[in-house]
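Report on the following structure.
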Amino acid sequence: MSAAPLVGYSSSGSEDEAEAEAGAGAGAQARLGAGGGPRGQSPLPSQRLPVPDSVLHMFPGTEEGPEDDSAKHGGRVRTFPHERGNWATHVYVPYEAREDFLDLLDALLLHAQTYVPRLVRMEAFHLSLSQSVVLRHHWILPFVQALKDRMVSCQRFCFTANRVKIYTNQEKTRTFVGLEVTSGHTQFLDLVSEVDRVMEEFELTTFYQDPSFHISLAWCVGDVHVQLEGQCLRELQGIVDEFEDSEMLLRVRAEQVRCKSGNKFFSMPLK
């Protein structure tokens, strides 16, 4: 059994995608004898002196953007290079975790770590409606407005996410433990259809053909699906099935769609 492809994640946190608009740096130029030589002599030609390295290195990243350093992001690697003016953008349904959900997550993570010790808990929870795409800064507001126009007629709905599943991102650089949606799939497809229309309007990548909607719970660097599937997966599912009130706990109401672009958030309530 192969790991399902991860739905709609980039390989780096969106806060790292914020536009690096602030930047400066200037070369230095010295002109010698421009009209200042002795009478009767031709003025000395203008000369461009080399800029000292100490000056060149005062303003790193002003042309190529900040240098990627995976060590600053838990070892994660970007799916696309950071460029100044490009904002990583992602559309999703947020999930607000309650205390009892976090108790279940702690039990699942503790057990999964006996198979893969480097697994860590997700900091926030959601269900993706898009892949991560790149927007230029001046596209953000028109893109969000187009989303709002599409979402205005979409209804709130309830869904259940109670099937443990292992995912990898497309590049196989990260592995995730998630809870897959087992009811409400059709309503999620309806939302994706509206998001895809906006993506097409802006000539961006649409969502996957056969998506597995899910809430990611934990992740680690590398492809470790072999270690987590099979026996581990069955044991994790058993923890979910036996957890007190898990049936009610994992039945959730989708009330809004959210768009994150760089470090900006935009919410679109459902009807």
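Order determines the names: the first chain of the structure tokens is A, the second B, and so forth; residues in each chain are numbered 1 upward, and ligands are numbered 1 upward as they are shown.
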
From a backbone DSSP assignment, name each residue in segment 106-201 of chain A labelled helix (DSSP H, G or I), as a PDB file with N, CA, C and O atoms, in the first residue's frame.
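Final output, out_6.pdb:
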ATOM      1  N   ASP A 106      -2.651  13.676  21.222  1.00  0.00           N
ATOM      2  CA  ASP A 106      -1.501  13.309  22.047  1.00  0.00           C
ATOM      3  C   ASP A 106      -1.353  11.793  22.137  1.00  0.00           C
ATOM      4  O   ASP A 106      -0.232  11.265  22.080  1.00  0.00           O
ATOM      5  N   ALA A 107      -2.483  11.094  22.267  1.00  0.00           N
ATOM      6  CA  ALA A 107      -2.438   9.632  22.343  1.00  0.00           C
ATOM      7  C   ALA A 107      -1.948   9.029  21.024  1.00  0.00           C
ATOM      8  O   ALA A 107      -1.132   8.097  21.020  1.00  0.00           O
ATOM      9  N   LEU A 108      -2.412   9.568  19.911  1.00  0.00           N
ATOM     10  CA  LEU A 108      -1.985   9.076  18.603  1.00  0.00           C
ATOM     11  C   LEU A 108      -0.498   9.357  18.365  1.00  0.00           C
ATOM     12  O   LEU A 108       0.244   8.494  17.888  1.00  0.00           O
ATOM     13  N   LEU A 109      -0.071  10.563  18.691  1.00  0.00           N
ATOM     14  CA  LEU A 109       1.321  10.931  18.456  1.00  0.00           C
ATOM     15  C   LEU A 109       2.259  10.096  19.313  1.00  0.00           C
ATOM     16  O   LEU A 109       3.306   9.629  18.830  1.00  0.00           O
ATOM     17  N   LEU A 110       1.903   9.900  20.578  1.00  0.00           N
ATOM     18  CA  LEU A 110       2.753   9.115  21.467  1.00  0.00           C
ATOM     19  C   LEU A 110       2.953   7.704  20.920  1.00  0.00           C
ATOM     20  O   LEU A 110       4.067   7.161  20.949  1.00  0.00           O
ATOM     21  N   HIS A 111       1.894   7.113  20.384  1.00  0.00           N
ATOM     22  CA  HIS A 111       2.013   5.762  19.837  1.00  0.00           C
ATOM     23  C   HIS A 111       2.790   5.765  18.521  1.00  0.00           C
ATOM     24  O   HIS A 111       3.655   4.909  18.299  1.00  0.00           O
ATOM     25  N   ALA A 112       2.497   6.723  17.639  1.00  0.00           N
ATOM     26  CA  ALA A 112       3.197   6.785  16.353  1.00  0.00           C
ATOM     27  C   ALA A 112       4.685   7.006  16.539  1.00  0.00           C
ATOM     28  O   ALA A 112       5.502   6.509  15.751  1.00  0.00           O
ATOM     29  N   HIS A 137       2.050  40.069  -5.613  1.00  0.00           N
ATOM     30  CA  HIS A 137       1.421  40.881  -4.584  1.00  0.00           C
ATOM     31  C   HIS A 137       0.170  41.595  -5.090  1.00  0.00           C
ATOM     32  O   HIS A 137      -0.867  41.633  -4.405  1.00  0.00           O
ATOM     33  N   HIS A 138       0.205  42.132  -6.292  1.00  0.00           N
ATOM     34  CA  HIS A 138      -0.931  42.897  -6.789  1.00  0.00           C
ATOM     35  C   HIS A 138      -2.105  42.010  -7.204  1.00  0.00           C
ATOM     36  O   HIS A 138      -3.175  42.522  -7.526  1.00  0.00           O
ATOM     37  N   TRP A 139      -1.918  40.684  -7.195  1.00  0.00           N
ATOM     38  CA  TRP A 139      -3.028  39.775  -7.489  1.00  0.00           C
ATOM     39  C   TRP A 139      -3.814  39.388  -6.244  1.00  0.00           C
ATOM     40  O   TRP A 139      -4.909  38.826  -6.356  1.00  0.00           O
ATOM     41  N   ILE A 140      -3.275  39.627  -5.076  1.00  0.00           N
ATOM     42  CA  ILE A 140      -3.865  39.046  -3.865  1.00  0.00           C
ATOM     43  C   ILE A 140      -5.303  39.509  -3.655  1.00  0.00           C
ATOM     44  O   ILE A 140      -6.218  38.690  -3.504  1.00  0.00           O
ATOM     45  N   LEU A 141      -5.538  40.809  -3.630  1.00  0.00           N
ATOM     46  CA  LEU A 141      -6.889  41.302  -3.360  1.00  0.00           C
ATOM     47  C   LEU A 141      -7.889  40.903  -4.447  1.00  0.00           C
ATOM     48  O   LEU A 141      -9.003  40.480  -4.124  1.00  0.00           O
ATOM     49  N   PRO A 142      -7.549  41.011  -5.754  1.00  0.00           N
ATOM     50  CA  PRO A 142      -8.487  40.509  -6.766  1.00  0.00           C
ATOM     51  C   PRO A 142      -8.759  39.010  -6.629  1.00  0.00           C
ATOM     52  O   PRO A 142      -9.892  38.559  -6.833  1.00  0.00           O
ATOM     53  N   PHE A 143      -7.743  38.239  -6.276  1.00  0.00           N
ATOM     54  CA  PHE A 143      -7.910  36.794  -6.079  1.00  0.00           C
ATOM     55  C   PHE A 143      -8.863  36.525  -4.924  1.00  0.00           C
ATOM     56  O   PHE A 143      -9.800  35.711  -5.042  1.00  0.00           O
ATOM     57  N   VAL A 144      -8.665  37.201  -3.805  1.00  0.00           N
ATOM     58  CA  VAL A 144      -9.531  37.002  -2.633  1.00  0.00           C
ATOM     59  C   VAL A 144     -10.957  37.440  -2.941  1.00  0.00           C
ATOM     60  O   VAL A 144     -11.923  36.767  -2.548  1.00  0.00           O
ATOM     61  N   GLN A 145     -11.109  38.546  -3.654  1.00  0.00           N
ATOM     62  CA  GLN A 145     -12.460  38.991  -4.003  1.00  0.00           C
ATOM     63  C   GLN A 145     -13.157  37.977  -4.897  1.00  0.00           C
ATOM     64  O   GLN A 145     -14.362  37.715  -4.733  1.00  0.00           O
ATOM     65  N   ALA A 146     -12.419  37.391  -5.830  1.00  0.00           N
ATOM     66  CA  ALA A 146     -13.007  36.354  -6.691  1.00  0.00           C
ATOM     67  C   ALA A 146     -13.442  35.146  -5.862  1.00  0.00           C
ATOM     68  O   ALA A 146     -14.498  34.545  -6.120  1.00  0.00           O
ATOM     69  N   LEU A 147     -12.628  34.779  -4.863  1.00  0.00           N
ATOM     70  CA  LEU A 147     -13.021  33.688  -3.963  1.00  0.00           C
ATOM     71  C   LEU A 147     -14.302  34.025  -3.206  1.00  0.00           C
ATOM     72  O   LEU A 147     -15.207  33.199  -3.086  1.00  0.00           O
ATOM     73  N   LYS A 148     -14.367  35.242  -2.677  1.00  0.00           N
ATOM     74  CA  LYS A 148     -15.555  35.658  -1.924  1.00  0.00           C
ATOM     75  C   LYS A 148     -16.801  35.597  -2.801  1.00  0.00           C
ATOM     76  O   LYS A 148     -17.873  35.164  -2.357  1.00  0.00           O
ATOM     77  N   ASP A 149     -16.672  36.029  -4.036  1.00  0.00           N
ATOM     78  CA  ASP A 149     -17.807  35.989  -4.955  1.00  0.00           C
ATOM     79  C   ASP A 149     -18.276  34.561  -5.193  1.00  0.00           C
ATOM     80  O   ASP A 149     -19.481  34.303  -5.339  1.00  0.00           O
ATOM     81  N   ARG A 150     -17.330  33.623  -5.239  1.00  0.00           N
ATOM     82  CA  ARG A 150     -17.671  32.218  -5.469  1.00  0.00           C
ATOM     83  C   ARG A 150     -18.270  31.558  -4.228  1.00  0.00           C
ATOM     84  O   ARG A 150     -19.108  30.662  -4.326  1.00  0.00           O
ATOM     85  N   MET A 151     -17.822  31.975  -3.047  1.00  0.00           N
ATOM     86  CA  MET A 151     -18.242  31.322  -1.809  1.00  0.00           C
ATOM     87  C   MET A 151     -19.564  31.852  -1.265  1.00  0.00           C
ATOM     88  O   MET A 151     -20.132  31.260  -0.359  1.00  0.00           O
ATOM     89  N   HIS A 185     -17.742  14.364   1.989  1.00  0.00           N
ATOM     90  CA  HIS A 185     -16.820  14.438   0.849  1.00  0.00           C
ATOM     91  C   HIS A 185     -17.427  15.232  -0.317  1.00  0.00           C
ATOM     92  O   HIS A 185     -16.739  16.047  -0.949  1.00  0.00           O
ATOM     93  N   THR A 186     -18.720  15.013  -0.570  1.00  0.00           N
ATOM     94  CA  THR A 186     -19.372  15.695  -1.695  1.00  0.00           C
ATOM     95  C   THR A 186     -19.381  17.203  -1.501  1.00  0.00           C
ATOM     96  O   THR A 186     -19.131  17.971  -2.446  1.00  0.00           O
ATOM     97  N   GLN A 187     -19.648  17.641  -0.276  1.00  0.00           N
ATOM     98  CA  GLN A 187     -19.663  19.076  -0.006  1.00  0.00           C
ATOM     99  C   GLN A 187     -18.270  19.690  -0.178  1.00  0.00           C
ATOM    100  O   GLN A 187     -18.133  20.817  -0.663  1.00  0.00           O
ATOM    101  N   PHE A 188     -17.237  18.953   0.206  1.00  0.00           N
ATOM    102  CA  PHE A 188     -15.877  19.454  -0.016  1.00  0.00           C
ATOM    103  C   PHE A 188     -15.574  19.555  -1.508  1.00  0.00           C
ATOM    104  O   PHE A 188     -14.922  20.502  -1.956  1.00  0.00           O
ATOM    105  N   LEU A 189     -16.042  18.582  -2.288  1.00  0.00           N
ATOM    106  CA  LEU A 189     -15.835  18.652  -3.729  1.00  0.00           C
ATOM    107  C   LEU A 189     -16.520  19.883  -4.330  1.00  0.00           C
ATOM    108  O   LEU A 189     -15.991  20.502  -5.260  1.00  0.00           O
ATOM    109  N   ASP A 190     -17.690  20.224  -3.794  1.00  0.00           N
ATOM    110  CA  ASP A 190     -18.391  21.421  -4.279  1.00  0.00           C
ATOM    111  C   ASP A 190     -17.567  22.680  -4.004  1.00  0.00           C
ATOM    112  O   ASP A 190     -17.481  23.576  -4.854  1.00  0.00           O
ATOM    113  N   LEU A 191     -16.958  22.756  -2.809  1.00  0.00           N
ATOM    114  CA  LEU A 191     -16.108  23.906  -2.494  1.00  0.00           C
ATOM    115  C   LEU A 191     -14.896  23.951  -3.417  1.00  0.00           C
ATOM    116  O   LEU A 191     -14.517  25.016  -3.921  1.00  0.00           O
ATOM    117  N   VAL A 192     -14.284  22.795  -3.641  1.00  0.00           N
ATOM    118  CA  VAL A 192     -13.110  22.732  -4.520  1.00  0.00           C
ATOM    119  C   VAL A 192     -13.470  23.185  -5.932  1.00  0.00           C
ATOM    120  O   VAL A 192     -12.691  23.876  -6.595  1.00  0.00           O
ATOM    121  N   SER A 193     -14.655  22.803  -6.376  1.00  0.00           N
ATOM    122  CA  SER A 193     -15.080  23.213  -7.714  1.00  0.00           C
ATOM    123  C   SER A 193     -15.104  24.734  -7.843  1.00  0.00           C
ATOM    124  O   SER A 193     -14.672  25.291  -8.871  1.00  0.00           O
ATOM    125  N   GLU A 194     -15.576  25.428  -6.812  1.00  0.00           N
ATOM    126  CA  GLU A 194     -15.612  26.890  -6.843  1.00  0.00           C
ATOM    127  C   GLU A 194     -14.200  27.474  -6.765  1.00  0.00           C
ATOM    128  O   GLU A 194     -13.872  28.443  -7.460  1.00  0.00           O
ATOM    129  N   VAL A 195     -13.356  26.890  -5.910  1.00  0.00           N
ATOM    130  CA  VAL A 195     -11.976  27.371  -5.801  1.00  0.00           C
ATOM    131  C   VAL A 195     -11.238  27.151  -7.119  1.00  0.00           C
ATOM    132  O   VAL A 195     -10.484  28.029  -7.586  1.00  0.00           O
ATOM    133  N   ASP A 196     -11.455  26.009  -7.747  1.00  0.00           N
ATOM    134  CA  ASP A 196     -10.790  25.718  -9.021  1.00  0.00           C
ATOM    135  C   ASP A 196     -11.158  26.735 -10.099  1.00  0.00           C
ATOM    136  O   ASP A 196     -10.334  27.083 -10.951  1.00  0.00           O
ATOM    137  N   ARG A 197     -12.396  27.204 -10.092  1.00  0.00           N
ATOM    138  CA  ARG A 197     -12.801  28.204 -11.080  1.00  0.00           C
ATOM    139  C   ARG A 197     -11.983  29.490 -10.927  1.00  0.00           C
ATOM    140  O   ARG A 197     -11.603  30.133 -11.910  1.00  0.00           O
ATOM    141  N   VAL A 198     -11.720  29.845  -9.675  1.00  0.00           N
ATOM    142  CA  VAL A 198     -10.898  31.037  -9.433  1.00  0.00           C
ATOM    143  C   VAL A 198      -9.456  30.778  -9.874  1.00  0.00           C
ATOM    144  O   VAL A 198      -8.815  31.636 -10.482  1.00  0.00           O
ATOM    145  N   MET A 199      -8.953  29.590  -9.570  1.00  0.00           N
ATOM    146  CA  MET A 199      -7.595  29.237  -9.992  1.00  0.00           C
ATOM    147  C   MET A 199      -7.461  29.324 -11.517  1.00  0.00           C
ATOM    148  O   MET A 199      -6.475  29.853 -12.042  1.00  0.00           O
ATOM    149  N   GLU A 200      -8.442  28.828 -12.219  1.00  0.00           N
ATOM    150  CA  GLU A 200      -8.403  28.876 -13.682  1.00  0.00           C
ATOM    151  C   GLU A 200      -8.443  30.317 -14.181  1.00  0.00           C
ATOM    152  O   GLU A 200      -7.758  30.672 -15.151  1.00  0.00           O
ATOM    153  N   GLU A 201      -9.230  31.140 -13.506  1.00  0.00           N
ATOM    154  CA  GLU A 201      -9.329  32.549 -13.896  1.00  0.00           C
ATOM    155  C   GLU A 201      -7.972  33.252 -13.799  1.00  0.00           C
ATOM    156  O   GLU A 201      -7.643  34.108 -14.629  1.00  0.00           O
TER     157      GLU A 201
END

Contacts of Tyr167 of chain A within 12 Å, only C-alpha atoms, excl. fewer than 2 positions in-chain, as a compact mmCIF listing (two decimals) with C-alpha atoms, in the first residue's frame:
# COMPACT_ATOMS: atom_id res chain seq x y z
CA MET A 1 0.00 0.00 0.00
CA SER A 2 1.50 3.28 -1.01
CA ALA A 3 1.05 6.51 0.87
CA ALA A 4 -1.61 8.83 -0.44
CA PRO A 5 -0.30 12.05 -1.97
CA LEU A 6 -0.65 14.97 0.37
CA VAL A 7 -3.42 17.38 -0.52
CA GLY A 8 -2.53 21.00 -0.89
CA TYR A 9 0.59 21.70 1.16
CA VAL A 164 -6.36 7.44 10.08
CA LYS A 165 -4.31 7.69 6.90
CA ASN A 169 3.86 15.48 -0.12
CA GLN A 170 4.44 15.28 -3.87
CA GLU A 171 8.21 15.55 -3.54
CA LYS A 172 8.32 12.76 -0.90
CA THR A 173 10.22 15.10 1.41
CA ARG A 174 7.66 15.03 4.23
CA THR A 175 5.27 12.48 5.72
CA PHE A 176 2.03 13.23 7.55
CA VAL A 177 -0.37 11.35 9.80
CA GLY A 178 -3.91 12.52 9.09
CA LEU A 179 -7.60 11.91 9.71
CA GLU A 180 -9.44 11.41 6.42
CA PRO A 211 -8.54 14.40 -3.48
CA SER A 212 -8.40 12.81 -0.05
CA PHE A 213 -9.74 15.51 2.27
CA HIS A 214 -8.13 15.25 5.67
CA ILE A 215 -6.85 16.96 8.80
CA SER A 216 -3.11 16.55 9.20
CA LEU A 217 -2.17 15.75 12.81
CA ALA A 218 1.60 15.20 12.81
CA TRP A 219 4.51 15.32 10.37
CA CYS A 220 8.20 14.66 9.93
CA GLY A 222 11.41 12.38 4.86
CA ASP A 223 9.32 9.57 3.40
CA VAL A 224 8.52 7.19 6.27
CA HIS A 225 5.15 5.87 5.12
CA VAL A 226 6.45 2.29 5.12
CA LEU A 228 3.76 4.02 9.64
CA GLU A 229 1.48 1.88 7.49
CA LEU A 233 -1.76 2.30 11.07

Between segment 61-170 of chain A and segment 240-264 of chain A, at 10 Å or less, what are the per-residue closest atom pairs and their distances in Å? Count only C-alpha atoms, order by chain and rising residue number, and return it as a Markdown table.
| residue | atom | partner | partner_atom | distance |
| --- | --- | --- | --- | --- |
| A:Asn86 | CA | A:Gly262 | CA | 8.5 |
| A:Trp87 | CA | A:Gly262 | CA | 5.0 |
| A:Ala88 | CA | A:Gly262 | CA | 5.4 |
| A:Thr89 | CA | A:Ser261 | CA | 4.2 |
| A:His90 | CA | A:Lys260 | CA | 5.4 |
| A:Val91 | CA | A:Cys259 | CA | 4.4 |
| A:Tyr92 | CA | A:Arg258 | CA | 5.4 |
| A:Val93 | CA | A:Val257 | CA | 4.8 |
| A:Pro94 | CA | A:Arg258 | CA | 6.8 |
| A:Tyr95 | CA | A:Ala254 | CA | 8.1 |
| A:Glu96 | CA | A:Val252 | CA | 9.5 |
| A:Ala97 | CA | A:Leu249 | CA | 9.9 |
| A:Arg98 | CA | A:Leu249 | CA | 8.9 |
| A:Asp100 | CA | A:Leu249 | CA | 7.6 |
| A:Phe101 | CA | A:Leu249 | CA | 6.8 |
| A:Asp103 | CA | A:Phe243 | CA | 9.5 |
| A:Leu104 | CA | A:Phe243 | CA | 7.1 |
| A:Leu105 | CA | A:Val240 | CA | 9.2 |
| A:Ala107 | CA | A:Val240 | CA | 9.1 |
| A:Leu108 | CA | A:Val240 | CA | 7.9 |
| A:His126 | CA | A:Arg258 | CA | 9.5 |
| A:Leu127 | CA | A:Val257 | CA | 9.7 |
| A:Ser128 | CA | A:Val257 | CA | 9.7 |
| A:Leu129 | CA | A:Val257 | CA | 8.7 |
| A:Ser130 | CA | A:Cys259 | CA | 9.6 |
| A:Ser132 | CA | A:Ser261 | CA | 9.5 |
| A:Val133 | CA | A:Ser261 | CA | 9.2 |
| A:Val134 | CA | A:Ser261 | CA | 8.6 |
| A:Leu135 | CA | A:Ser261 | CA | 7.8 |
| A:Arg136 | CA | A:Ser261 | CA | 9.9 |
| A:His137 | CA | A:Ser261 | CA | 9.1 |
| A:Ile140 | CA | A:Ser261 | CA | 7.3 |
| A:Leu141 | CA | A:Ser261 | CA | 9.9 |
| A:Phe143 | CA | A:Cys259 | CA | 9.7 |
| A:Val144 | CA | A:Cys259 | CA | 7.4 |
| A:Leu147 | CA | A:Cys259 | CA | 8.7 |
| A:Lys148 | CA | A:Val257 | CA | 9.2 |
| A:Met151 | CA | A:Val257 | CA | 8.0 |
| A:Cys154 | CA | A:Gln256 | CA | 9.5 |
| A:Gln155 | CA | A:Glu255 | CA | 8.2 |
| A:Arg156 | CA | A:Glu255 | CA | 5.1 |
| A:Phe157 | CA | A:Ala254 | CA | 5.4 |
| A:Cys158 | CA | A:Arg253 | CA | 4.2 |
| A:Phe159 | CA | A:Val252 | CA | 5.4 |
| A:Thr160 | CA | A:Arg251 | CA | 4.3 |
| A:Ala161 | CA | A:Leu250 | CA | 5.6 |
| A:Asn162 | CA | A:Leu250 | CA | 6.1 |
| A:Arg163 | CA | A:Val240 | CA | 8.1 |
| A:Val164 | CA | A:Val240 | CA | 8.0 |

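The set of residues in segment 159-216 of chain A assigned to strand (DSSP E) by DSSP, using only backbone atoms of this structure, is Phe159, Thr160, Ala161, Asn162, Arg163, Val164, Lys165, Ile166, Tyr167, Thr168, Arg174, Thr175, Phe176, Val177, Gly178, Leu179, Glu180, Val181, Thr182, Ser183, His214, Ile215 and Ser216 of chain A.
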
- Residue with the minimum atom-to-atom distance to Ala124 of chain A, picked from A:Arg84, A:Ser267, A:Thr206, A:Leu102 with only C-alpha atoms counted, is A:Leu102
